[in-house]
Structures are given as structure tokens and as C-alpha cells.
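Quick look at data.csv (CSV, C-alpha atoms):
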chain,number,residue,atom,x,y,z
A,216,MET,CA,25.6,6.6,33.3
A,217,PRO,CA,27.8,9.4,34.7
A,218,LYS,CA,27.1,12.8,33.3
A,219,THR,CA,30.7,13.2,31.9
A,220,ARG,CA,30.5,10.0,30.0
A,221,THR,CA,27.1,11.0,28.6
A,222,VAL,CA,28.5,14.3,27.3
A,223,ARG,CA,31.4,12.5,25.7
A,224,SER,CA,29.0,10.1,24.0
A,225,LEU,CA,26.8,12.9,22.7
A,226,ARG,CA,29.8,14.8,21.3
A,227,LYS,CA,31.1,11.7,19.6
A,228,LEU,CA,27.7,11.0,17.9
A,229,ALA,CA,27.5,14.7,16.8
A,230,GLY,CA,30.9,14.4,15.2
A,231,LEU,CA,29.9,11.3,13.3
A,232,ALA,CA,26.7,12.9,12.1
A,233,CYS,CA,28.5,16.0,10.9
A,234,SER,CA,30.9,13.9,8.9
A,235,GLY,CA,28.0,12.1,7.2
A,236,LEU,CA,28.8,8.7,8.8
A,237,LEU,CA,26.3,7.2,11.3
A,238,LEU,CA,26.9,4.0,13.2
A,239,LEU,CA,24.3,1.5,14.5
A,240,SER,CA,25.5,0.1,17.8
A,241,PRO,CA,24.3,-3.3,19.0
A,242,ALA,CA,21.1,-3.1,20.9
A,243,GLN,CA,21.8,-3.2,24.7
A,244,ALA,CA,18.1,-3.2,25.9
A,245,ASP,CA,15.3,-5.4,24.8
A,246,VAL,CA,12.3,-3.9,23.1
A,247,ARG,CA,8.6,-4.6,23.4
A,248,ILE,CA,7.0,-7.0,21.0
A,249,LYS,CA,4.3,-4.4,20.2
A,250,ASP,CA,7.0,-2.2,18.7
A,251,ILE,CA,8.3,-4.7,16.2
A,252,VAL,CA,5.1,-6.7,15.2
A,253,GLN,CA,1.4,-6.2,14.4
A,254,PHE,CA,-1.4,-8.6,15.0
A,255,GLU,CA,-2.8,-10.0,11.7
A,256,GLY,CA,-6.3,-8.7,11.0
A,257,VAL,CA,-6.0,-5.7,13.4
A,258,ARG,CA,-5.3,-3.0,10.8
A,259,GLU,CA,-6.6,0.2,9.2
A,260,ASN,CA,-8.7,0.3,6.0
A,261,GLN,CA,-8.4,3.0,3.4
A,262,LEU,CA,-11.5,4.9,2.3
A,263,VAL,CA,-11.9,7.2,-0.7
A,264,GLY,CA,-14.6,9.5,-2.1
A,265,TYR,CA,-15.2,12.2,-4.6
A,266,GLY,CA,-16.8,15.5,-3.6
A,267,LEU,CA,-17.0,19.3,-4.0
A,268,VAL,CA,-15.6,22.1,-1.8
A,269,VAL,CA,-17.7,25.2,-2.0
A,270,GLY,CA,-17.4,28.7,-0.6
A,271,LEU,CA,-13.9,29.5,-2.0
A,272,ASP,CA,-13.0,33.1,-2.6
A,273,GLY,CA,-12.4,32.9,-6.4
A,274,THR,CA,-9.7,30.2,-6.0
A,275,GLY,CA,-11.7,27.2,-7.2
A,276,ASP,CA,-11.7,25.3,-10.5
A,277,SER,CA,-12.1,27.1,-13.8
A,278,LEU,CA,-15.1,25.3,-15.4
A,279,LYS,CA,-13.5,25.6,-18.8
A,280,ASN,CA,-10.5,23.6,-17.8
A,281,SER,CA,-12.3,21.3,-15.4
A,282,PRO,CA,-15.4,19.9,-17.1
A,283,PHE,CA,-15.9,17.2,-14.4
A,284,THR,CA,-16.4,20.1,-11.9
A,285,ARG,CA,-19.1,21.6,-14.1
A,286,LYS,CA,-20.9,18.2,-14.4
A,287,SER,CA,-20.7,17.7,-10.6
A,288,ILE,CA,-22.2,21.1,-10.0
A,289,GLU,CA,-25.0,20.4,-12.4
A,290,GLY,CA,-25.7,17.0,-10.8
A,291,MET,CA,-25.7,18.4,-7.3
A,292,LEU,CA,-28.0,21.3,-8.2
A,293,ALA,CA,-30.4,18.9,-10.0
A,294,ARG,CA,-30.7,16.7,-6.9
A,295,LEU,CA,-31.5,19.8,-4.9
A,296,GLY,CA,-34.2,20.8,-7.3
A,297,VAL,CA,-32.3,23.4,-9.4
A,298,GLY,CA,-32.1,22.0,-12.9
A,299,ASN,CA,-32.4,23.0,-16.6
A,300,LEU,CA,-29.3,25.1,-16.5
A,301,SER,CA,-27.3,25.7,-19.6
A,302,ASN,CA,-23.5,25.5,-19.7
A,303,ASP,CA,-23.0,29.3,-20.1
A,304,GLN,CA,-25.2,30.0,-17.1
A,305,ILE,CA,-22.7,28.4,-14.6
A,306,LYS,CA,-19.6,30.7,-14.4
A,307,THR,CA,-18.5,30.2,-10.8
A,308,ARG,CA,-14.9,30.0,-9.5
A,309,ASN,CA,-16.0,29.3,-5.9
A,310,THR,CA,-16.2,25.5,-6.3
A,311,ALA,CA,-13.4,22.9,-6.5
A,312,ALA,CA,-13.6,19.1,-7.2
A,313,VAL,CA,-11.7,17.2,-4.7
A,314,MET,CA,-10.7,13.6,-3.7
A,315,VAL,CA,-11.4,12.8,-0.1
A,316,THR,CA,-9.4,10.1,1.6
A,317,ALA,CA,-9.5,8.6,5.2
A,318,ARG,CA,-8.3,5.7,7.2
A,319,LEU,CA,-10.8,3.6,9.1
A,320,PRO,CA,-9.2,2.4,12.3
A,321,PRO,CA,-9.6,-1.2,13.5
A,322,PHE,CA,-12.8,-1.8,15.5
A,323,ALA,CA,-14.2,1.6,14.6
A,324,ARG,CA,-17.8,1.8,15.8
A,325,ARG,CA,-20.8,3.3,14.1
A,326,GLY,CA,-21.1,7.0,14.9
A,327,GLY,CA,-17.4,7.5,15.6
A,328,ASP,CA,-15.4,10.3,14.1
A,329,ILE,CA,-12.3,10.0,11.9
A,330,ASP,CA,-10.1,12.5,10.2
A,331,VAL,CA,-10.2,13.1,6.4
A,332,MET,CA,-7.8,14.6,3.9
A,333,VAL,CA,-9.1,16.7,1.0
A,334,SER,CA,-7.0,17.1,-2.2
A,335,SER,CA,-7.8,19.2,-5.2
A,336,LEU,CA,-8.5,17.4,-8.5
A,337,GLY,CA,-8.8,20.3,-10.9
A,338,ASP,CA,-6.9,23.6,-11.3
A,339,ALA,CA,-8.0,25.3,-8.1
A,340,THR,CA,-5.3,27.5,-6.6
A,341,SER,CA,-6.4,27.1,-2.9
A,342,LEU,CA,-8.9,25.3,-0.8
A,343,ARG,CA,-8.6,27.8,2.1
A,344,GLY,CA,-11.9,28.8,3.6
A,345,GLY,CA,-14.0,26.2,1.8
A,346,THR,CA,-16.5,23.8,3.0
A,347,LEU,CA,-16.8,20.1,1.9
A,348,ILE,CA,-20.3,19.1,0.8
A,349,VAL,CA,-21.5,15.7,2.1
A,350,THR,CA,-19.3,13.1,0.5
A,351,PRO,CA,-19.7,9.3,0.9
A,352,LEU,CA,-16.4,7.4,1.5
A,353,ALA,CA,-16.2,3.8,0.1
A,354,GLY,CA,-13.8,1.0,0.8
A,355,ALA,CA,-12.1,-1.4,-1.6
A,356,ASP,CA,-15.2,-3.5,-1.7
A,357,GLY,CA,-17.3,-0.5,-2.9
A,358,GLU,CA,-19.4,-0.3,0.3
A,359,ILE,CA,-19.9,3.0,2.0
A,360,TYR,CA,-18.3,3.0,5.4
A,361,ALA,CA,-18.2,6.7,6.3
A,362,VAL,CA,-19.6,10.1,5.3
A,363,ALA,CA,-17.5,13.3,5.3
A,364,GLU,CA,-18.5,16.9,5.6
A,365,GLY,CA,-17.4,20.2,7.1
A,366,PRO,CA,-15.1,23.2,6.8
A,367,VAL,CA,-11.6,22.4,5.5
A,368,SER,CA,-8.4,23.5,7.2
A,369,SER,CA,-5.4,24.3,5.0
A,370,SER,CA,-2.1,25.4,6.4
A,371,GLY,CA,-0.8,26.7,3.0
A,372,TYR,CA,-1.7,30.0,1.3
A,373,ALA,CA,-1.3,31.6,-2.1
A,374,ALA,CA,-1.3,35.3,-3.0
A,375,GLU,CA,-1.0,36.5,-6.6
A,376,GLY,CA,-0.6,40.0,-8.2
A,377,THR,CA,0.1,41.3,-11.6
A,378,ALA,CA,3.8,40.9,-11.5
A,379,ALA,CA,4.5,38.6,-8.5
A,380,SER,CA,3.0,35.7,-6.6
A,381,VAL,CA,3.7,34.1,-3.2
A,382,VAL,CA,2.9,30.5,-2.3
A,383,SER,CA,3.5,28.9,1.1
A,384,GLY,CA,3.0,25.2,1.7
A,385,VAL,CA,0.4,23.3,-0.4
A,386,PRO,CA,-2.9,25.3,-0.4
A,387,THR,CA,-4.6,22.7,-2.6
A,388,VAL,CA,-4.5,20.0,0.2
A,389,ALA,CA,-6.5,20.4,3.3
A,390,ARG,CA,-7.6,18.4,6.4
A,391,ILE,CA,-10.9,18.1,8.3
A,392,PRO,CA,-10.3,16.9,11.9
A,393,ASN,CA,-13.1,14.5,12.8
A,394,GLY,CA,-14.6,15.3,9.5
A,395,ALA,CA,-16.3,12.0,8.8
A,396,ILE,CA,-18.8,9.9,10.7
A,397,VAL,CA,-18.5,6.1,10.6
A,398,GLU,CA,-21.7,4.6,9.1
A,399,ARG,CA,-20.7,0.9,8.7
A,400,GLU,CA,-18.6,-1.4,10.9
A,401,ILE,CA,-16.2,-4.0,9.6
A,402,GLU,CA,-17.1,-7.4,10.9
A,403,PHE,CA,-14.2,-8.8,12.9
A,404,ARG,CA,-14.6,-10.6,16.2
A,405,LEU,CA,-11.6,-11.6,18.3
A,406,ASN,CA,-13.6,-14.3,20.0
A,407,ASP,CA,-13.9,-16.2,16.7
A,408,LEU,CA,-10.2,-16.6,16.4
A,409,ASN,CA,-8.5,-19.9,17.2
A,410,ASN,CA,-5.0,-18.5,17.0
A,411,LEU,CA,-3.2,-15.2,16.8
A,412,ARG,CA,-0.7,-14.4,14.2
A,413,LEU,CA,2.0,-11.8,14.8
A,414,ALA,CA,3.5,-10.2,11.6
A,415,LEU,CA,7.0,-8.8,12.0
A,416,ARG,CA,7.6,-5.4,10.5
A,417,GLU,CA,11.1,-6.4,9.7
A,418,PRO,CA,11.0,-10.2,8.8
A,419,ASP,CA,13.9,-12.1,10.4
A,420,PHE,CA,14.0,-15.8,11.5
A,421,THR,CA,16.2,-15.1,14.6
A,422,THR,CA,13.8,-12.4,15.8
A,423,ALA,CA,10.8,-14.6,15.1
A,424,GLN,CA,12.3,-17.4,17.1
A,425,ARG,CA,13.0,-15.1,20.1
A,426,ILE,CA,9.4,-13.9,20.1
A,427,ALA,CA,8.1,-17.5,20.1
A,428,GLU,CA,10.4,-18.4,22.9
A,429,ALA,CA,9.4,-15.4,25.0
A,430,ILE,CA,5.7,-16.2,24.6
A,431,ASN,CA,6.2,-19.9,25.5
A,432,ASP,CA,8.4,-19.0,28.5
A,433,GLU,CA,5.5,-17.0,29.9
A,434,SER,CA,3.0,-19.8,29.1
A,435,MET,CA,0.7,-17.4,27.2
A,436,GLY,CA,0.0,-19.9,24.5
A,437,ARG,CA,1.6,-22.4,22.1
A,438,ALA,CA,3.8,-20.2,19.9
A,439,ARG,CA,5.5,-21.4,16.8
A,440,VAL,CA,7.4,-19.8,13.9
A,441,LEU,CA,5.6,-20.1,10.5
A,442,ASP,CA,8.2,-18.2,8.5
A,443,ASN,CA,10.6,-15.3,9.0
A,444,GLY,CA,7.8,-12.8,9.2
A,445,THR,CA,5.0,-14.7,11.1
A,446,VAL,CA,4.6,-16.2,14.6
A,447,GLU,CA,1.5,-18.1,15.3
A,448,VAL,CA,0.1,-18.3,18.9
A,449,GLY,CA,-2.5,-20.9,19.7
A,450,ILE,CA,-5.3,-19.6,22.0
A,451,VAL,CA,-6.0,-21.7,25.0
A,452,ASP,CA,-8.6,-19.5,26.8
A,453,LYS,CA,-11.0,-17.5,24.6
A,454,THR,CA,-12.6,-15.7,27.5
A,455,ASP,CA,-10.0,-12.9,27.5
A,456,ILE,CA,-8.3,-12.6,24.1
A,457,PRO,CA,-7.7,-8.8,24.4
A,458,GLY,CA,-5.9,-9.5,27.7
A,459,LEU,CA,-3.8,-12.1,26.0
A,460,MET,CA,-2.9,-9.7,23.2
A,461,ALA,CA,-2.0,-7.0,25.8
A,462,GLY,CA,0.2,-9.5,27.7
A,463,ILE,CA,2.0,-10.6,24.5
A,464,GLU,CA,2.8,-7.2,23.1
A,465,ASN,CA,4.4,-6.1,26.4
A,466,LEU,CA,6.9,-8.9,26.5
A,467,ARG,CA,10.4,-7.9,25.7
A,468,VAL,CA,12.8,-9.4,23.2
A,469,GLN,CA,16.1,-8.4,21.6
A,470,PRO,CA,15.5,-8.1,17.8
A,471,ASP,CA,18.2,-9.2,15.4
A,472,SER,CA,19.0,-7.6,12.0
A,473,PRO,CA,21.2,-8.5,9.0
A,474,ALA,CA,24.5,-6.8,8.3
A,475,LYS,CA,23.6,-3.8,6.1
A,476,VAL,CA,25.1,-0.6,4.8
A,477,VAL,CA,22.7,2.1,3.6
A,478,ILE,CA,24.0,5.0,1.5
A,479,ASP,CA,22.2,8.2,0.6
A,480,ALA,CA,24.4,9.5,-2.3
A,481,LYS,CA,22.4,12.7,-2.6
A,482,SER,CA,23.1,14.0,1.0
A,483,GLY,CA,26.3,12.0,1.6
A,484,THR,CA,24.8,10.1,4.6
A,485,ILE,CA,26.1,6.6,5.4
A,486,VAL,CA,24.5,4.3,8.0
A,487,ILE,CA,26.6,1.1,8.9
A,488,GLY,CA,25.0,-1.7,10.9
A,489,SER,CA,26.8,-3.2,13.8
A,490,ASN,CA,27.2,-6.6,12.2
A,491,VAL,CA,29.1,-5.4,9.2
A,492,ARG,CA,32.4,-7.3,8.7
A,493,ILE,CA,35.2,-6.7,6.1
A,494,ASP,CA,38.0,-9.1,5.1
A,495,GLU,CA,41.6,-7.9,5.0
A,496,VAL,CA,41.9,-5.1,2.4
A,497,ALA,CA,44.1,-2.2,1.6
A,498,VAL,CA,42.5,1.1,0.8
A,499,SER,CA,44.1,4.1,-0.9
A,500,GLN,CA,42.2,7.3,-1.6
A,501,GLY,CA,43.7,10.2,-3.5
A,502,GLY,CA,42.8,12.6,-6.2
A,503,LEU,CA,44.2,14.8,-8.9
A,504,THR,CA,42.8,18.3,-9.0
A,505,VAL,CA,43.3,20.5,-12.0
A,506,MET,CA,42.3,24.2,-11.8
A,507,VAL,CA,42.1,26.3,-14.9
A,508,ARG,CA,41.7,30.1,-14.6
A,509,GLU,CA,41.0,32.3,-17.6
A,510,SER,CA,41.8,36.0,-17.5
A,511,ALA,CA,42.1,38.8,-20.1
A,512,ASN,CA,44.6,41.6,-20.3
A,513,VAL,CA,44.4,44.7,-22.5
A,514,SER,CA,47.5,45.7,-24.6
A,515,GLN,CA,47.4,49.4,-25.1
A,516,PRO,CA,49.9,51.1,-27.6
A,517,ASN,CA,52.0,54.1,-26.5
A,518,PRO,CA,50.7,57.5,-27.4
A,519,ILE,CA,51.5,58.9,-30.9
A,520,THR,CA,52.5,55.4,-32.2
A,521,ILE,CA,51.2,53.1,-34.8
A,522,GLY,CA,49.3,50.3,-33.2
A,523,GLU,CA,45.9,49.2,-31.9
A,524,THR,CA,44.4,48.1,-28.7
A,525,VAL,CA,44.0,44.4,-28.4
A,526,VAL,CA,42.7,41.9,-25.8
A,527,VAL,CA,45.3,39.3,-24.8
A,528,PRO,CA,43.9,36.2,-23.1
A,529,GLU,CA,45.9,34.6,-20.3
A,530,THR,CA,45.4,31.0,-19.0
A,531,GLU,CA,46.7,29.8,-15.6
A,532,ILE,CA,46.8,26.0,-14.9
A,533,ASN,CA,47.4,24.7,-11.4
A,534,VAL,CA,47.7,21.0,-10.8
A,535,GLN,CA,47.5,19.6,-7.2
A,536,GLN,CA,48.1,16.0,-6.4
A,537,LYS,CA,46.7,14.6,-3.2
A,538,ASN,CA,48.6,11.6,-1.7
A,539,SER,CA,46.9,9.8,1.1
A,540,GLY,CA,48.8,6.5,1.0
A,541,PHE,CA,47.3,3.1,1.8
A,542,ALA,CA,45.4,2.2,4.9
A,543,LEU,CA,45.5,-1.6,5.7
A,544,LEU,CA,42.4,-3.0,7.3
A,545,GLN,CA,43.2,-6.4,8.8
A,546,GLY,CA,41.0,-9.5,8.5
A,547,ASP,CA,37.6,-9.7,10.1
A,548,VAL,CA,37.3,-6.0,10.6
A,549,SER,CA,34.6,-4.8,13.0
A,550,LEU,CA,32.6,-1.7,12.6
A,551,GLN,CA,34.9,0.4,14.8
A,552,ASP,CA,38.0,-0.8,13.0
A,553,LEU,CA,36.4,0.1,9.7
A,554,VAL,CA,35.6,3.7,10.9
A,555,ASP,CA,39.1,4.1,12.3
A,556,GLY,CA,40.7,2.9,9.1
A,557,LEU,CA,38.7,5.3,7.0
A,558,ASN,CA,39.4,8.2,9.3
A,559,ALA,CA,43.1,7.3,9.2
A,560,ILE,CA,43.4,8.3,5.6
A,561,GLY,CA,41.4,11.5,6.2
A,562,ILE,CA,38.4,11.1,3.8
A,563,GLY,CA,34.9,12.6,3.7
A,564,ALA,CA,31.5,11.0,3.3
A,565,GLN,CA,31.5,11.2,-0.5
A,566,GLU,CA,34.8,9.4,-0.7
A,567,THR,CA,33.7,6.8,1.8
A,568,ILE,CA,30.7,6.0,-0.5
A,569,SER,CA,33.1,5.2,-3.4
A,570,ILE,CA,35.4,3.2,-1.1
A,571,LEU,CA,32.5,1.1,0.3
A,572,GLN,CA,31.2,0.4,-3.2
A,573,ALA,CA,34.7,-0.7,-4.3
A,574,ILE,CA,35.1,-2.9,-1.3
A,575,LYS,CA,31.8,-4.5,-2.0
A,576,ALA,CA,32.8,-5.1,-5.7
A,577,ALA,CA,36.0,-6.7,-4.5
A,578,GLY,CA,34.0,-9.2,-2.4
A,579,ALA,CA,35.5,-8.1,0.9
A,580,LEU,CA,32.3,-6.4,2.3
A,581,HIS,CA,30.1,-9.0,4.0
A,582,ALA,CA,26.9,-7.0,4.2
A,583,ASP,CA,24.0,-5.8,2.0
A,584,LEU,CA,24.9,-2.5,0.3
A,585,GLU,CA,21.8,-0.4,-0.3
A,586,VAL,CA,22.0,2.9,-2.2
A,587,ILE,CA,18.9,5.1,-1.8
Encoding of this model in C-alpha cells:
Amino acid sequence: MPKTRTVRSLRKLAGLACSGLLLLSPAQADVRIKDIVQFEGVRENQLVGYGLVVGLDGTGDSLKNSPFTRKSIEGMLARLGVGNLSNDQIKTRNTAAVMVTARLPPFARRGGDIDVMVSSLGDATSLRGGTLIVTPLAGADGEIYAVAEGPVSSSGYAAEGTAASVVSGVPTVARIPNGAIVEREIEFRLNDLNNLRLALREPDFTTAQRIAEAINDESMGRARVLDNGTVEVGIVDKTDIPGLMAGIENLRVQPDSPAKVVIDAKSGTIVIGSNVRIDEVAVSQGGLTVMVRESANVSQPNPITIGETVVVPETEINVQQKNSGFALLQGDVSLQDLVDGLNAIGIGAQETISILQAIKAAGALHADLEVI
């Protein structure tokens, strides 16, 4: 593409973004199958655990307001041989109860490292500078799959004085890079599969059919569409299933998408898909603006006269009528015609939202209207 044409395209896109209206143009290039599907069974698994972060500089849980922290400290000390402590003998603010979460990647092997997230459970003000005590991480089946431990890293901070306080970020959430060691593997063998199933991230029958045709054209297996979100591929040769998966995910297809208009009313952002069509409709946008200003004048009597000083209120009312006229959008209006028609009557993003909702209510907008 010539440089001049590229600059014009960028300027046009920037202008649409500033007006709050973004357009989705038809896809010109095909995309890789790996970017729009995932192989069934090849996924992450969530892990969770409960632990203690120690070594905090007085920013941990108050044991009065967090009884579970007190019980956890007592249990930990008892296991380490320090027991028979009464409640009033533990008065520390250097410990915080936390929830530890992690994602176990597919095919993670025993001894591998994974990242963990540490989130405060009590009333601790900051986890900065603390150390997570050894914490088992369990899966949904209750089995222990990893063990987390190590110094936490928090990007947020909190500082408090007598009359002021400063908080940046979220100091009660921290991260431990490579903070957990995998102790158990999830049993999943590719060689035991008789077929592969591709799950579309955006289910669509047209896209699924195109994926199946692309796989069959390359003779990588017998592909068929099960539903709008699943394509099944029969495995002919089980000697190199990873190679088959790599070959499939690098094939290119052109995904299809339904006609859709997405509106974010809070920010005034509108995204219109390329397949949106509108029947013939006339649009008029105008408004009546009434401005009321209140002011007060002081009435002062002349010197050596009988009278008193009074406040006289004054009200000024200004009425402005905005006349935009009608804009006629002809039948089978395309995306560009719609934008040109809305721009012709000089309206902004917020007015466009109301117009699109009214066109949808009139039955002239042939697209899904989603308000987020």
C-alpha cells in the first residue's frame, strides 16, 4: 500500500475513533485456525489454596477482626512444636491470611514452575515485603497439584499518617513469579485419542464449515462439523498427533461473523459490524435546549430617605431550538451509507446511540444490538 494512502487511512480511522464511532471492515486476509479455535482437552486448570504471608511491617491482619488468621497462626505454630499459647499471647500485625491461586498449564510436568497470585483475605493493608509460607494448591477434584512458597511481589503501596493517607495500586494483591512447583501431573495422552475436536472461540456454522473444508483440502484427516462451535477431525495416523495438530492450527481460513452493533453507553463508543444492513428509513435528530440563569441584584435606597436595602432576584430564560431536518437512508443501506447518513445530520456518538436504538425498535435494523 502506498505511503500516502496509508496516512489517509490512519487519519480516517482516528477521526472515527474521536467521534466515538468505530467500523469493522470486512476481513481481507485469512487468519490462522489456531487464532480462532482451541483443541478440546488441551487447556489450563485452576488451582487454589489458603496460606499465610509473614514478615509484614505492621501491615498484616488485626487478629481481633480476623479470627481465622489467629487460628491459622496457632495451627502453624503447633505443627512446628510451639503450642499451648493463649489468645492474649499472640498480638502480631506481621501476618496476613491469603488466598493463593494459580493456573496449571496443559501437559505441565512434575517439578515445573508456575506463577501464583496472592490475595489478602483479612483486613491487611499491604502485602509488600512479605513471604508466603508453604501452601498446597488443590484442583477442583481436591487433589494437590502444586505447592507454592516464596517472597511476594506487590506493585502497589500504601502510606498513612495522622491526617492523610496515600494508596497506589492494590497493595493487598501480590504475585510470585515461578512461585509454585508442580507436584502432580494431569493424566492426558494425545496418543489415546481417536479424533481431535476443535472448539471455536466464536461459534458460527459458516466458520466451522470453512475450517472443515480447509482441513479436508489438505488431506490432514476426515473433518466434519458437529455443531456451530465444534469441528471433529478423525485421526488416520497416530504416530505423530502433535505434528497433525501443528499442521491444522497453521491452516488459514476466513472467519465469518453475524451482523452486530455493540454500544457502550457509558463512554459513548459504538462498534458497527460490516454486515449490518438497514431498510429505508428517515431519521431526524433535534433538540430543545432551555437555559435558566438565576442572579440577584441589591436595591439600595438613596441617602437620607425612608427605605431599606432589599435583594431583588432576577431570572433569565433562554430557549434554543436545534433543527437538523430529516436524513433519508435508502433501502438496503450498507455500513458506509449508514455512517454517511448519520454524519449528514451532524450528530454525535450519544445521539447516534439513541437513533440506532430507535431504528432497531422500528424493525429496520437487521443486526443484533448489544448494549454493554
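Here CA of Gly444 (chain A) stands at a distance of 16.0 Å from CA of Asn410 (chain A).
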Quiz item: Between A:Ala355, A:Ile430, A:Leu342, A:Ala577, which has the minimum distance to Met460 (chain A) (counting only C-alpha atoms)?
Solution: A:Ile430
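CA of Met332 (chain A) lies 5.3 Å from CA of Thr316 (chain A).
For the choices A:Ser472, A:Asn490, A:Ser334, A:Asn431, the atom-to-atom distance to Val446 (chain A) is smallest for A:Asn431 when using all atoms listed in the file.
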May I have the residues within 6 Å of Thr445 (chain A) as a compact mmCIF listing (two decimals) with C-alpha atoms, in the coordinates of the input, using all atoms listed in the file and disregarding those fewer than 3 positions away in the same chain?
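Output (selection_23.txt):
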# COMPACT_ATOMS: atom_id res chain seq x y z
CA LEU A 413 2.00 -11.80 14.80
CA ALA A 414 3.50 -10.20 11.60
CA LEU A 441 5.60 -20.10 10.50
CA ASP A 442 8.20 -18.20 8.50
Quiz item: To one decimal place, how far is CA of Asn406 (chain A) from CA of Ala361 (chain A) in Å?
Solution: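 Calculated distance between CA of Asn406 (chain A) and CA of Ala361 (chain A) is 25.5 Å.
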Proximity of region 322-440 of chain A to region 283-293 of chain A: per-residue shortest pair, 10 Å limit, all atoms listed in the file, as a Markdown table:
| residue | atom | partner | partner_atom | distance |
| --- | --- | --- | --- | --- |
| A:Leu336 | CA | A:Thr284 | CA | 9.0 |
| A:Gly337 | CA | A:Thr284 | CA | 7.7 |
| A:Ile348 | CA | A:Met291 | CA | 9.8 |
Could those selected residues go to a file with C-alpha atoms, as a PDB file, keeping the file's coordinate frame?
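again23.pdb was written with the following content:
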ATOM      1  CA  LEU A 336      -8.500  17.400  -8.500  1.00  0.00           C
ATOM      2  CA  GLY A 337      -8.800  20.300 -10.900  1.00  0.00           C
ATOM      3  CA  ILE A 348     -20.300  19.100   0.800  1.00  0.00           C
TER       4      ILE A 348
END
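Distances from A:Phe403, A:Leu319, A:Gly275, A:Leu267 to Leu347 (chain A) were compared using all atoms listed in the file, and the smallest one belongs to A:Leu267.
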Self-check item: Among the residues A:Arg294, A:Lys481, A:Lys279, A:Arg247, the one that comes closest to Ala564 (chain A) [using all atoms listed in the file]
Solution: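 Looking at the shortest contact to Ala564 (chain A), the residue is A:Lys481.
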Quiz prompt | Top pick for closest residue to Pro470 (chain A), considering A:Val246, A:Ile570, A:Ala311, A:Ile401 and counting all atoms listed in the file | solution =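 Of A:Val246, A:Ile570, A:Ala311, A:Ile401, the one nearest Pro470 (chain A) is A:Val246, counting all atoms listed in the file.
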